[in-house]
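Trainee: Structure file data.pdb, PDB, C-alpha atoms and all ligand atoms, is pasted below:
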```pdb
ATOM      1  CA  MET Z 432     129.563-143.693 135.619
ATOM      2  CA  THR Z 433     131.717-146.414 134.092
ATOM      3  CA  ASP Z 434     130.424-149.900 133.322
ATOM      4  CA  GLY Z 435     132.410-151.190 136.278
ATOM      5  CA  GLU Z 436     130.707-148.777 138.672
ATOM      6  CA  GLY Z 437     127.284-149.655 137.247
ATOM      7  CA  ARG Z 438     127.926-153.339 137.764
ATOM      8  CA  LEU Z 439     129.070-152.712 141.326
ATOM      9  CA  ALA Z 440     126.004-150.771 142.450
ATOM     10  CA  GLN Z 441     124.128-153.902 143.557
ATOM     11  CA  PRO Z 442     127.078-155.582 145.317
ATOM     12  CA  ARG Z 443     127.858-152.290 147.056
ATOM     13  CA  ASP Z 444     124.316-151.997 148.459
ATOM     14  CA  ALA Z 445     124.218-155.675 149.402
ATOM     15  CA  PHE Z 446     127.601-155.714 151.184
ATOM     16  CA  ALA Z 447     127.063-152.314 152.819
ATOM     17  CA  LEU Z 448     124.042-153.666 154.691
ATOM     18  CA  LEU Z 449     126.404-156.007 156.538
ATOM     19  CA  SER Z 450     128.865-153.269 157.480
ATOM     20  CA  HIS Z 451     127.158-152.740 160.833
ATOM     21  CA  ASP Z 452     128.116-155.031 163.732
ATOM     22  CA  LEU Z 453     124.569-155.513 164.974
ATOM     23  CA  ARG Z 454     123.177-156.355 161.527
ATOM     24  CA  LEU Z 455     125.997-158.826 160.997
ATOM     25  CA  GLU Z 456     125.275-160.451 164.378
ATOM     26  CA  ILE Z 457     121.554-160.735 163.554
ATOM     27  CA  LEU Z 458     122.365-162.457 160.265
ATOM     28  CA  LEU Z 459     124.871-164.812 161.931
ATOM     29  CA  ALA Z 460     122.308-165.683 164.621
ATOM     30  CA  LEU Z 461     119.835-166.652 161.895
ATOM     31  CA  LEU Z 462     122.426-168.638 159.956
ATOM     32  CA  SER Z 463     123.474-170.523 163.089
ATOM     33  CA  HIS Z 464     119.982-172.067 163.125
ATOM     34  CA  TRP Z 465     119.749-172.572 159.388
ATOM     35  CA  GLU Z 466     118.997-176.174 158.398
ATOM     36  CA  ALA Z 467     117.686-175.613 154.846
ATOM     37  CA  VAL Z 468     114.046-176.765 154.641
ATOM     38  CA  ASP Z 469     114.129-177.911 158.281
ATOM     39  CA  THR Z 470     114.979-174.449 159.612
ATOM     40  CA  GLU Z 471     113.124-173.493 162.775
ATOM     41  CA  PRO Z 472     112.250-169.791 162.512
ATOM     42  CA  GLN Z 473     113.599-167.648 165.353
ATOM     43  CA  ARG Z 474     111.190-165.509 167.281
ATOM     44  CA  TYR Z 475     111.801-161.784 167.730
ATOM     45  CA  SER Z 476     112.672-162.188 171.417
ATOM     46  CA  GLU Z 477     115.047-165.115 170.734
ATOM     47  CA  LEU Z 478     116.851-163.150 168.068
ATOM     48  CA  MET Z 479     117.157-160.097 170.294
ATOM     49  CA  ARG Z 480     118.582-162.252 173.087
ATOM     50  CA  ALA Z 481     120.949-164.034 170.687
ATOM     51  CA  VAL Z 482     122.612-160.755 169.719
ATOM     52  CA  GLY Z 483     122.620-159.445 173.302
ATOM     53  CA  MET Z 484     120.385-156.414 172.625
ATOM     54  CA  GLU Z 485     118.110-154.755 175.145
ATOM     55  CA  ASP Z 486     117.296-151.561 173.245
ATOM     56  CA  SER Z 487     114.307-152.622 171.111
ATOM     57  CA  GLY Z 488     114.235-149.340 169.169
ATOM     58  CA  LYS Z 489     117.761-149.809 167.908
ATOM     59  CA  PHE Z 490     117.179-153.533 167.344
ATOM     60  CA  ASN Z 491     114.013-152.852 165.304
ATOM     61  CA  TYR Z 492     115.780-150.309 163.140
ATOM     62  CA  HIS Z 493     118.532-152.730 162.128
ATOM     63  CA  LEU Z 494     116.157-155.696 161.804
ATOM     64  CA  ASP Z 495     114.127-153.596 159.386
ATOM     65  CA  ARG Z 496     117.175-152.734 157.295
ATOM     66  CA  LEU Z 497     117.811-156.462 156.779
ATOM     67  CA  ARG Z 498     114.203-157.392 156.117
ATOM     68  CA  GLY Z 499     113.445-158.534 152.577
ATOM     69  CA  VAL Z 500     117.148-158.632 151.745
ATOM     70  CA  TYR Z 501     118.788-161.038 154.197
ATOM     71  CA  LEU Z 502     115.874-162.105 156.363
ATOM     72  CA  ARG Z 503     112.155-162.518 156.095
ATOM     73  CA  LYS Z 504     109.395-162.839 158.638
ATOM     74  CA  THR Z 505     107.143-165.889 158.696
ATOM     75  CA  ASP Z 506     104.200-166.554 161.025
ATOM     76  CA  ALA Z 507     106.550-168.478 163.316
ATOM     77  CA  GLY Z 508     109.435-165.990 163.298
ATOM     78  CA  TYR Z 509     112.456-164.941 161.241
ATOM     79  CA  VAL Z 510     114.437-166.991 158.707
ATOM     80  CA  PRO Z 511     117.337-166.087 156.401
ATOM     81  CA  THR Z 512     116.520-165.371 152.732
ATOM     82  CA  ALA Z 513     117.928-167.332 149.791
ATOM     83  CA  SER Z 514     120.360-164.444 149.203
ATOM     84  CA  ALA Z 515     121.648-164.728 152.779
ATOM     85  CA  THR Z 516     122.171-168.475 152.531
ATOM     86  CA  ALA Z 517     123.806-168.136 149.085
ATOM     87  CA  LEU Z 518     126.353-165.697 150.547
ATOM     88  CA  TYR Z 519     126.909-168.090 153.444
ATOM     89  CA  ARG Z 520     127.437-170.999 151.038
ATOM     90  CA  ALA Z 521     129.876-168.923 148.968
ATOM     91  CA  VAL Z 522     131.958-168.327 152.096
ATOM     92  CA  LEU Z 523     131.870-172.037 153.034
ATOM     93  CA  ALA Z 524     132.952-172.928 149.485
ATOM     94  CA  HIS Z 525     135.722-170.373 148.993
ATOM     95  CA  ARG Z 526     136.897-169.963 152.605
ATOM     96  CA  PRO Z 527     138.176-166.454 151.799
ATOM     97  CA  THR Z 528     140.173-166.032 155.024
ATOM     98  CA  ALA Z 529     141.852-169.475 154.914
ATOM     99  CA  THR Z 530     144.920-170.643 153.021
ATOM    100  CA  PRO Z 531     144.527-173.870 151.003
ATOM    101  CA  ASP Z 532     145.822-176.997 152.731
ATOM    102  CA  ARG Z 533     147.699-178.032 149.550
ATOM    103  CA  THR Z 534     149.142-176.195 146.564
ATOM    104  CA  HIS Z 535     151.043-179.083 144.955
ATOM    105  CA  LEU Z 536     149.281-182.368 144.307
ATOM    106  CA  ASP Z 537     150.403-185.716 142.996
ATOM    107  CA  PRO Z 538     147.319-187.117 141.235
ATOM    108  CA  GLY Z 539     149.122-190.188 139.837
ATOM    109  CA  VAL Z 540     148.529-189.585 136.121
ATOM    110  CA  ASP Z 541     151.067-189.505 133.295
ATOM    111  CA  CYS Z 542     151.793-186.724 130.832
ATOM    112  CA  PRO Z 543     150.017-187.429 127.508
ATOM    113  CA  ARG Z 544     153.064-186.010 125.661
ATOM    114  CA  CYS Z 545     156.108-187.496 127.374
ATOM    115  CA  GLY Z 546     154.823-190.071 129.868
ATOM    116  CA  ALA Z 547     156.349-188.454 132.976
ATOM    117  CA  GLY Z 548     154.190-188.025 136.087
ATOM    118  CA  LEU Z 549     151.982-184.927 135.988
ATOM    119  CA  ALA Z 550     151.849-182.483 138.867
ATOM    120  CA  GLY Z 551     148.651-180.840 140.024
ATOM    121  CA  VAL Z 552     149.004-177.164 140.911
ATOM    122  CA  TYR Z 553     146.419-175.321 142.982
ATOM    123  CA  GLU Z 554     146.793-171.548 142.765
ATOM    124  CA  ARG Z 555     144.268-168.758 143.314
ATOM    125  CA  GLU Z 556     141.533-171.426 143.518
ATOM    126  CA  PHE Z 557     142.395-172.778 140.068
ATOM    127  CA  PHE Z 558     143.570-176.331 139.587
ATOM    128  CA  SER Z 559     145.907-177.086 136.690
ATOM    129  CA  LEU Z 560     147.940-180.058 135.508
ATOM    130  CA  ARG Z 561     151.534-179.502 134.488
ATOM    131  CA  CYS Z 562     154.405-181.647 133.331
ATOM    132  CA  GLY Z 563     157.763-180.761 134.851
ATOM    133  CA  SER Z 564     159.527-182.943 132.310
ATOM    134  CA  CYS Z 565     158.376-181.528 128.962
ATOM    135  CA  ASP Z 566     157.208-178.238 130.473
ATOM    136  CA  SER Z 567     153.674-178.526 129.094
ATOM    137  CA  VAL Z 568     150.348-177.641 130.654
ATOM    138  CA  VAL Z 569     147.581-180.130 129.954
ATOM    139  CA  GLU Z 570     145.100-178.124 127.937
ATOM    140  CA  GLU Z 571     141.485-178.183 129.005
ATOM    141  CA  PHE Z 572     142.513-178.919 132.521
ATOM    142  CA  THR Z 573     142.684-175.585 134.226
ATOM    143  CA  TYR Z 574     139.455-175.036 136.054
ATOM    144  CA  PRO Z 575     138.421-173.295 139.284
ATOM    145  CA  LEU Z 576     137.725-175.346 142.390
ATOM    146  CA  PRO Z 577     136.723-173.599 145.626
ATOM    147  CA  LYS Z 578     139.076-174.353 148.528
ATOM    148  CA  ASN Z 579     136.399-176.497 150.131
ATOM    149  CA  GLY Z 580     136.807-178.881 147.172
ATOM    150  CA  LEU Z 581     140.180-179.956 148.595
ATOM    151  CA  ALA Z 582     138.667-181.059 151.900
ATOM    152  CA  GLU Z 583     138.359-184.796 152.548
ATOM    153  CA  ARG Z 584     139.787-185.649 149.109
ATOM    154  CA  THR Z 585     143.016-187.352 148.100
ATOM    155  CA  ASP Z 586     145.104-185.734 145.349
ATOM    156  CA  ARG Z 587     143.637-188.157 142.819
ATOM    157  CA  GLU Z 588     140.095-187.447 144.010
ATOM    158  CA  VAL Z 589     140.716-183.700 143.644
ATOM    159  CA  LEU Z 590     141.700-184.249 140.005
ATOM    160  CA  GLU Z 591     138.533-186.265 139.379
ATOM    161  CA  ALA Z 592     136.397-183.682 141.166
ATOM    162  CA  VAL Z 593     137.830-180.854 139.044
ATOM    163  CA  TYR Z 594     137.112-182.770 135.849
ATOM    164  CA  ASP Z 595     133.551-183.690 136.895
ATOM    165  CA  ARG Z 596     132.934-180.091 137.834
ATOM    166  CA  ALA Z 597     134.339-178.680 134.585
ATOM    167  CA  ARG Z 598     132.295-181.124 132.513
ATOM    168  CA  GLU Z 599     129.020-180.347 134.258
ATOM    169  CA  HIS Z 600     129.620-176.597 134.304
ATOM    170  CA  ILE Z 601     130.705-176.337 130.683
ATOM    171  CA  GLY Z 602     127.828-178.591 129.585
ATOM    172  CA  LEU Z 603     125.373-176.323 131.386
ATOM    173  CA  ALA Z 604     126.988-173.192 129.947
ATOM    174  CA  ARG Z 605     126.788-174.693 126.445
ATOM    175  CA  ARG Z 606     123.045-175.101 126.959
ATOM    176  CA  GLY Z 607     122.806-171.394 127.790
ATOM    177  CA  GLN Z 608     122.983-171.199 131.590
ATOM    178  CA  CYS Z 609     125.851-169.794 133.638
ATOM    179  CA  PRO Z 610     126.877-172.392 136.265
ATOM    180  CA  ASP Z 611     127.725-169.630 138.735
ATOM    181  CA  CYS Z 612     124.900-167.112 138.553
ATOM    182  CA  GLY Z 613     122.148-168.844 136.550
ATOM    183  CA  GLY Z 614     122.133-166.069 133.926
ATOM    184  CA  THR Z 615     122.318-166.490 130.162
ATOM    185  CA  THR Z 616     125.533-167.290 128.296
ATOM    186  CA  THR Z 617     126.886-166.301 124.899
ATOM    187  CA  ARG Z 618     128.453-169.123 122.909
ATOM    188  CA  THR Z 619     130.861-168.437 120.093
ATOM    189  CA  VAL Z 620     132.567-170.794 117.692
ATOM    190  CA  GLU Z 621     135.741-169.252 116.341
ATOM    191  CA  ALA Z 622     135.512-170.863 112.927
ATOM    192  CA  SER Z 623     138.925-169.486 111.968
ATOM    193  CA  ALA Z 624     140.465-171.211 114.996
ATOM    194  CA  VAL Z 625     139.191-174.630 113.975
ATOM    195  CA  THR Z 626     142.448-175.482 112.263
ATOM    196  CA  GLU Z 627     144.659-173.594 114.702
ATOM    197  CA  THR Z 628     145.788-174.491 118.179
ATOM    198  CA  GLU Z 629     143.707-171.944 120.108
ATOM    199  CA  PRO Z 630     140.583-173.377 121.779
ATOM    200  CA  PRO Z 631     137.801-172.700 119.233
ATOM    201  CA  ILE Z 632     134.850-172.562 121.630
ATOM    202  CA  HIS Z 633     134.233-169.497 123.786
ATOM    203  CA  ILE Z 634     131.408-169.432 126.328
ATOM    204  CA  ASP Z 635     130.847-166.295 128.387
ATOM    205  CA  CYS Z 636     128.282-165.400 131.029
ATOM    206  CA  ASP Z 637     126.316-162.268 130.128
ATOM    207  CA  THR Z 638     126.229-161.200 133.794
ATOM    208  CA  CYS Z 639     128.989-162.381 136.120
ATOM    209  CA  THR Z 640     132.176-162.757 133.986
ATOM    210  CA  TRP Z 641     132.219-166.585 134.149
ATOM    211  CA  THR Z 642     134.113-167.567 131.016
ATOM    212  CA  VAL Z 643     135.662-170.606 129.392
ATOM    213  CA  ARG Z 644     137.786-171.321 126.312
ATOM    214  CA  THR Z 645     137.711-174.939 125.321
ATOM    215  CA  GLY Z 646     138.014-177.502 122.565
ATOM    216  CA  PHE Z 647     135.164-179.206 120.762
ATOM    217  CA  MET Z 648     134.696-182.310 122.884
ATOM    218  CA  LEU Z 649     134.243-181.171 126.483
ATOM    219  CA  PRO Z 650     131.052-179.057 126.104
ATOM    220  CA  PHE Z 651     129.198-182.011 124.579
ATOM    221  CA  LEU Z 652     130.099-184.632 127.177
ATOM    222  CA  THR Z 653     126.926-184.064 129.199
ATOM    223  CA  ASP Z 654     124.655-184.746 126.217
ATOM    224  CA  ALA Z 655     123.195-188.247 126.592
ATOM    225  CA  ARG Z 656     122.924-188.732 122.816
ATOM    226  CA  VAL Z 657     126.591-187.863 122.328
ATOM    227  CA  LEU Z 658     127.641-190.231 125.133
ATOM    228  CA  ALA Z 659     125.551-193.058 123.654
ATOM    229  CA  ALA Z 660     126.993-192.490 120.171
ATOM    230  CA  LEU Z 661     130.573-192.420 121.483
ATOM    231  CA  ASP Z 662     129.908-195.567 123.509
ATOM    232  CA  ALA Z 663     128.690-197.295 120.326
ATOM    233  CA  VAL Z 664     132.113-196.762 118.721
ATOM    234  CA  GLY Z 665     134.015-197.896 121.808
ATOM    235  CA  VAL Z 666     134.696-194.610 123.623
ATOM    236  CA  ALA Z 667     133.872-195.072 127.317
ATOM    237  CA  VAL Z 668     133.692-191.388 128.269
ATOM    238  CA  GLU Z 669     133.120-192.099 131.967
ATOM    239  CA  GLU Z 670     136.416-193.976 132.221
ATOM    240  CA  CYS Z 671     138.559-191.385 130.416
ATOM    241  CA  PHE Z 672     140.249-188.150 131.274
ATOM    242  CA  PRO Z 673     139.807-185.499 128.572
ATOM    243  CA  TRP Z 674     143.274-186.025 127.105
ATOM    244  CA  GLU Z 675     142.502-189.736 126.676
ATOM    245  CA  LEU Z 676     139.481-189.039 124.465
ATOM    246  CA  PRO Z 677     139.854-189.134 120.679
ATOM    247  CA  ASN Z 678     140.362-185.693 119.195
ATOM    248  CA  PRO Z 679     137.462-184.877 116.862
ATOM    249  CA  THR Z 680     138.069-183.498 113.398
ATOM    250  CA  ALA Z 681     136.099-180.276 113.045
ATOM    251  CA  THR Z 682     134.827-179.099 109.681
ATOM    252  CA  VAL Z 683     132.984-175.830 109.171
ATOM    253  CA  THR Z 684     130.163-176.772 106.793
ATOM    254  CA  ASP Z 685     128.371-173.434 106.842
ATOM    255  CA  THR Z 686     129.191-169.944 108.074
ATOM    256  CA  GLU Z 687     125.871-168.019 107.944
ATOM    257  CA  PRO Z 688     124.676-169.338 110.326
ATOM    258  CA  ALA Z 689     127.655-171.346 111.476
ATOM    259  CA  GLU Z 690     127.483-175.111 111.349
ATOM    260  CA  VAL Z 691     130.301-177.405 112.351
ATOM    261  CA  ASP Z 692     130.630-181.148 111.876
ATOM    262  CA  LEU Z 693     132.677-182.911 114.541
ATOM    263  CA  VAL Z 694     133.878-186.322 113.463
ATOM    264  CA  VAL Z 695     135.223-188.821 115.988
ATOM    265  CA  THR Z 696     136.887-191.826 114.405
ATOM    266  CA  THR Z 697     137.875-194.972 116.288
ATOM    267  CA  SER Z 698     138.755-198.513 115.269
ATOM    268  CA  GLU Z 699     135.092-199.408 115.827
ATOM    269  CA  GLY Z 700     133.467-196.708 113.739
ATOM    270  CA  GLU Z 701     132.734-193.044 113.305
ATOM    271  CA  VAL Z 702     130.462-190.517 115.009
ATOM    272  CA  THR Z 703     129.492-187.229 113.358
ATOM    273  CA  ILE Z 704     128.028-184.526 115.586
ATOM    274  CA  THR Z 705     126.529-181.546 113.773
ATOM    275  CA  THR Z 706     126.376-178.394 115.861
ATOM    276  CA  ASP Z 707     125.345-174.805 115.167
ATOM    277  CA  SER Z 708     126.628-171.399 116.269
ATOM    278  CA  ASP Z 709     124.786-171.768 119.617
ATOM    279  CA  LEU Z 710     126.492-175.118 120.146
ATOM    280  CA  SER Z 711     123.240-177.029 120.201
ATOM    281  CA  VAL Z 712     123.411-180.546 118.835
ATOM    282  CA  GLN Z 713     121.576-180.596 115.504
ATOM    283  CA  GLU Z 714     122.208-184.149 114.466
ATOM    284  CA  ILE Z 715     124.282-187.189 115.402
ATOM    285  CA  ARG Z 716     125.194-189.901 112.930
ATOM    286  CA  THR Z 717     126.838-193.108 114.056
ATOM    287  CA  ASP Z 718     128.541-195.420 111.630
ATOM    288  CA  CYS Z 719     129.773-198.630 113.261
ATOM    289  CA  ARG Z 720     132.145-200.766 111.277
ATOM    290  CA  ALA Z 721     130.895-204.316 110.851
ATOM    291  CA  SER Z 722     132.838-206.519 113.249
ATOM    292  CA  GLU Z 723     135.083-209.006 111.528
TER     293      GLU Z 723
HETATM  294 ZN    ZN Z 801     155.407-184.230 129.676
HETATM  295 ZN    ZN Z 802     127.219-165.890 135.498
END
```
Just dump the structure as structure tokens.
Mentor:
Amino acid sequence: MTDGEGRLAQPRDAFALLSHDLRLEILLALLSHWEAVDTEPQRYSELMRAVGMEDSGKFNYHLDRLRGVYLRKTDAGYVPTASATALYRAVLAHRPTATPDRTHLDPGVDCPRCGAGLAGVYEREFFSLRCGSCDSVVEEFTYPLPKNGLAERTDREVLEAVYDRAREHIGLARRGQCPDCGGTTTRTVEASAVTETEPPIHIDCDTCTWTVRTGFMLPFLTDARVLAALDAVGVAVEECFPWELPNPTATVTDTEPAEVDLVVTTSEGEVTITTDSDLSVQEIRTDCRASE
């Protein structure tokens, strides 16, 4: 068995349970009444009526197949499990059978290189920012957004939503948790890439293939101490897009284990963030210039 087949054993079992019309109808009947903590359990007879079954033997057999996986029995009746509602939420988020309502967006921001208006491109549920004028892609701004993220948002609001999402997700992944599956992540600092143009930080989920390649600033922008230190030297992170933030100078101060100093310099002072190979913040030093 290949690794791929091993990894697919659980999804195969989980999806196969829904390959029967009656089981699918039972699950949909439960989900149609699902109101999170306010869910009213459905009684056996209600559920049987909802799916139009009269043969209780057949109904019992399929109800049993779902039990413990997609539904559970309480004293008051049946409710969907957390796995069932997570699948349901994934479908609401990604809308697999729908086409996105927009693929080209005009978020009203200018290219950091040439000043022309940037275009937002939404393809395969990834949002990216591109400049048609100088033919550049804004680095650190390609991030997945489920199709539902486009709903009820203007082009500008989509851009802001993608950035908020990337920041939160990458911050969580830096602290060791995959934003998609809740599993552990592996963080790597490519010390050799510090002086090159490739993104030096790699964060990968150990379970579900969630992965990101990024620069030094973004993963730390959910750390309250980092935000406070940057604020002290005049960097208002909440009001900036990533390309508007000062680019830190990264210096590898140790290799075994890795330690990197990130230095952000502004007209108001200097912040030094010391981080290790796991990307945890070891120390922050703030040096504000005396105001004249
Ligand atoms: Zn440009
Ligand atoms: Zn994951």
Trainee: I'd like to know which of Z:Leu693, Z:Ala550, Z:Leu710, Z:Leu676 is closest to ligand ZN 801 (chain Z), using all atoms listed in the file.
Mentor: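 When distances to ligand ZN 801 (chain Z) are compared using all atoms listed in the file, the smallest one comes from Z:Ala550.
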Trainee: Which chains and residue numbers are within 9 Å of ligand ZN 802 (chain Z), counting all atoms listed in the file, if I want them as a list in words?
Mentor: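 Those within range of ligand ZN 802 (chain Z) are Gln608, Cys609, Pro610, Asp611, Cys612, Gly613, Gly614, Thr615, Thr616, Asp635, Cys636, Asp637, Thr638, Cys639, Thr640, Trp641 and Thr642 of chain Z.
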Trainee: Decode the PyMOL selection byres (((chain Z and resi 557) around 9) and not hetatm) for the given file into explicit residues and return them as a list in words.
Mentor: Val552, Tyr553, Glu554, Arg555, Glu556, Phe558, Ser559, Thr573, Tyr574, Pro575, Leu576 and Pro577 of chain Z
Trainee: What is the atom CA of Z:Leu462-atom CA of Z:Ala440 distance in Å, reported with one decimal?
Mentor: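 Separation of atom CA of Z:Leu462 and atom CA of Z:Ala440: 25.3 Å.
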Trainee: Find the residues around Z:Gln473 up to 12 Å (all atoms listed in the file counted), leave out those fewer than 2 positions away in its own chain, and share them as a list in words.
Mentor: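 Once the nearby chain positions are removed, what remains is Ile457, Leu458, Ala460, Leu461, Leu462, Ser463, His464, Trp465, Thr470, Glu471, Tyr475, Ser476, Glu477, Leu478, Met479, Arg480, Ala481, Leu502, Arg503, Lys504, Thr505, Asp506, Ala507, Gly508, Tyr509, Val510 and Pro511 of chain Z.
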Trainee: I need the residue nearest Z:Ile704 from this list: Z:Arg656, Z:Arg720, Z:His633, Z:His525. Use only C-alpha atoms for the distance.
Mentor: Z:Arg656
Trainee: Could you give me, as a Markdown table, every chain Z residue with an atom at most 7 Å from ligand ZN 801 (chain Z), plus its closest atom pair and distance in Å to one decimal, counting only C-alpha atoms and all ligand atoms, rows ordered by chain then number?
Mentor:
```
| residue | atom | partner | partner_atom | distance |
| --- | --- | --- | --- | --- |
| Z:Cys542 | CA | Z:ZN801 | ZN | 4.5 |
| Z:Pro543 | CA | Z:ZN801 | ZN | 6.6 |
| Z:Arg544 | CA | Z:ZN801 | ZN | 5.0 |
| Z:Cys545 | CA | Z:ZN801 | ZN | 4.1 |
| Z:Gly546 | CA | Z:ZN801 | ZN | 5.9 |
| Z:Ala547 | CA | Z:ZN801 | ZN | 5.4 |
| Z:Cys562 | CA | Z:ZN801 | ZN | 4.6 |
| Z:Gly563 | CA | Z:ZN801 | ZN | 6.7 |
| Z:Ser564 | CA | Z:ZN801 | ZN | 5.1 |
| Z:Cys565 | CA | Z:ZN801 | ZN | 4.1 |
| Z:Asp566 | CA | Z:ZN801 | ZN | 6.3 |
| Z:Ser567 | CA | Z:ZN801 | ZN | 6.0 |
```
Trainee: Counting all atoms listed in the file, which of Z:Glu456, Z:Asp707, Z:Asp469, Z:Asp495 gets nearest to Z:Thr684?
Mentor: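 Looking at the shortest contact to Z:Thr684, the residue is Z:Asp707.
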Trainee: Between Z:Glu690, Z:Glu675, Z:Asn491, Z:Glu436, which one has atoms that come closest to Z:Asp541, using only C-alpha atoms?
Mentor: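 Of Z:Glu690, Z:Glu675, Z:Asn491, Z:Glu436, the one nearest Z:Asp541, counting only C-alpha atoms, is Z:Glu675.
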Trainee: Given the choices Z:Ser708, Z:Thr697, Z:Asn579, Z:Asp532, which gets closest to Z:Arg605 if the distance is worked out from all atoms listed in the file?
Mentor: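 Of Z:Ser708, Z:Thr697, Z:Asn579, Z:Asp532, the one nearest Z:Arg605, counting all atoms listed in the file, is Z:Ser708.
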Trainee: So which one's closest to Z:Val568, Z:Arg618, Z:Asp452, Z:Leu549, Z:Ala517? Using all atoms listed in the file, please.
Mentor: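 Among the listed residues, the smallest separation from Z:Val568 belongs to Z:Leu549.
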Trainee: For the PyMOL selection byres (((chain Z and resi 661) around 12) and not hetatm), applied here, can you spell out every residue it catches as a count of residues only?
Mentor: 39
Trainee: Because some atoms of stretch 578-589 of chain Z are absent here, can you restore N, CA, C and O atoms and send them as a tab-separated table (two decimals), keeping the file's coordinate frame?
Mentor:
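Ended up saving to rebuild.tsv:
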```tsv
chain	number	residue	atom	x	y	z
Z	578	LYS	N	138.18	-173.68	147.57
Z	578	LYS	CA	139.08	-174.35	148.53
Z	578	LYS	C	138.40	-175.53	149.23
Z	578	LYS	O	139.04	-176.53	149.54
Z	579	ASN	N	137.11	-175.41	149.45
Z	579	ASN	CA	136.40	-176.50	150.13
Z	579	ASN	C	136.46	-177.80	149.33
Z	579	ASN	O	136.30	-178.88	149.89
Z	580	GLY	N	136.71	-177.69	148.02
Z	580	GLY	CA	136.81	-178.88	147.17
Z	580	GLY	C	138.02	-179.74	147.50
Z	580	GLY	O	138.08	-180.91	147.11
Z	581	LEU	N	139.00	-179.17	148.21
Z	581	LEU	CA	140.18	-179.96	148.60
Z	581	LEU	C	139.90	-180.81	149.82
Z	581	LEU	O	140.57	-181.83	150.04
Z	582	ALA	N	138.91	-180.40	150.61
Z	582	ALA	CA	138.67	-181.06	151.90
Z	582	ALA	C	138.24	-182.51	151.70
Z	582	ALA	O	137.46	-182.81	150.80
Z	583	GLU	N	138.77	-183.38	152.52
Z	583	GLU	CA	138.36	-184.80	152.55
Z	583	GLU	C	138.65	-185.52	151.24
Z	583	GLU	O	138.06	-186.57	150.97
Z	584	ARG	N	139.50	-184.96	150.37
Z	584	ARG	CA	139.79	-185.65	149.11
Z	584	ARG	C	141.28	-185.92	148.98
Z	584	ARG	O	142.10	-185.07	149.34
Z	585	THR	N	141.62	-187.07	148.43
Z	585	THR	CA	143.02	-187.35	148.10
Z	585	THR	C	143.38	-186.53	146.86
Z	585	THR	O	142.50	-185.97	146.20
Z	586	ASP	N	144.67	-186.49	146.53
Z	586	ASP	CA	145.10	-185.73	145.35
Z	586	ASP	C	144.40	-186.25	144.09
Z	586	ASP	O	143.96	-185.47	143.24
Z	587	ARG	N	144.30	-187.56	143.98
Z	587	ARG	CA	143.64	-188.16	142.82
Z	587	ARG	C	142.15	-187.77	142.78
Z	587	ARG	O	141.59	-187.47	141.73
Z	588	GLU	N	141.52	-187.80	143.95
Z	588	GLU	CA	140.10	-187.45	144.01
Z	588	GLU	C	139.86	-185.97	143.67
Z	588	GLU	O	138.83	-185.62	143.11
Z	589	VAL	N	140.84	-185.12	144.01
Z	589	VAL	CA	140.72	-183.70	143.64
Z	589	VAL	C	140.71	-183.57	142.12
Z	589	VAL	O	139.88	-182.88	141.54
```
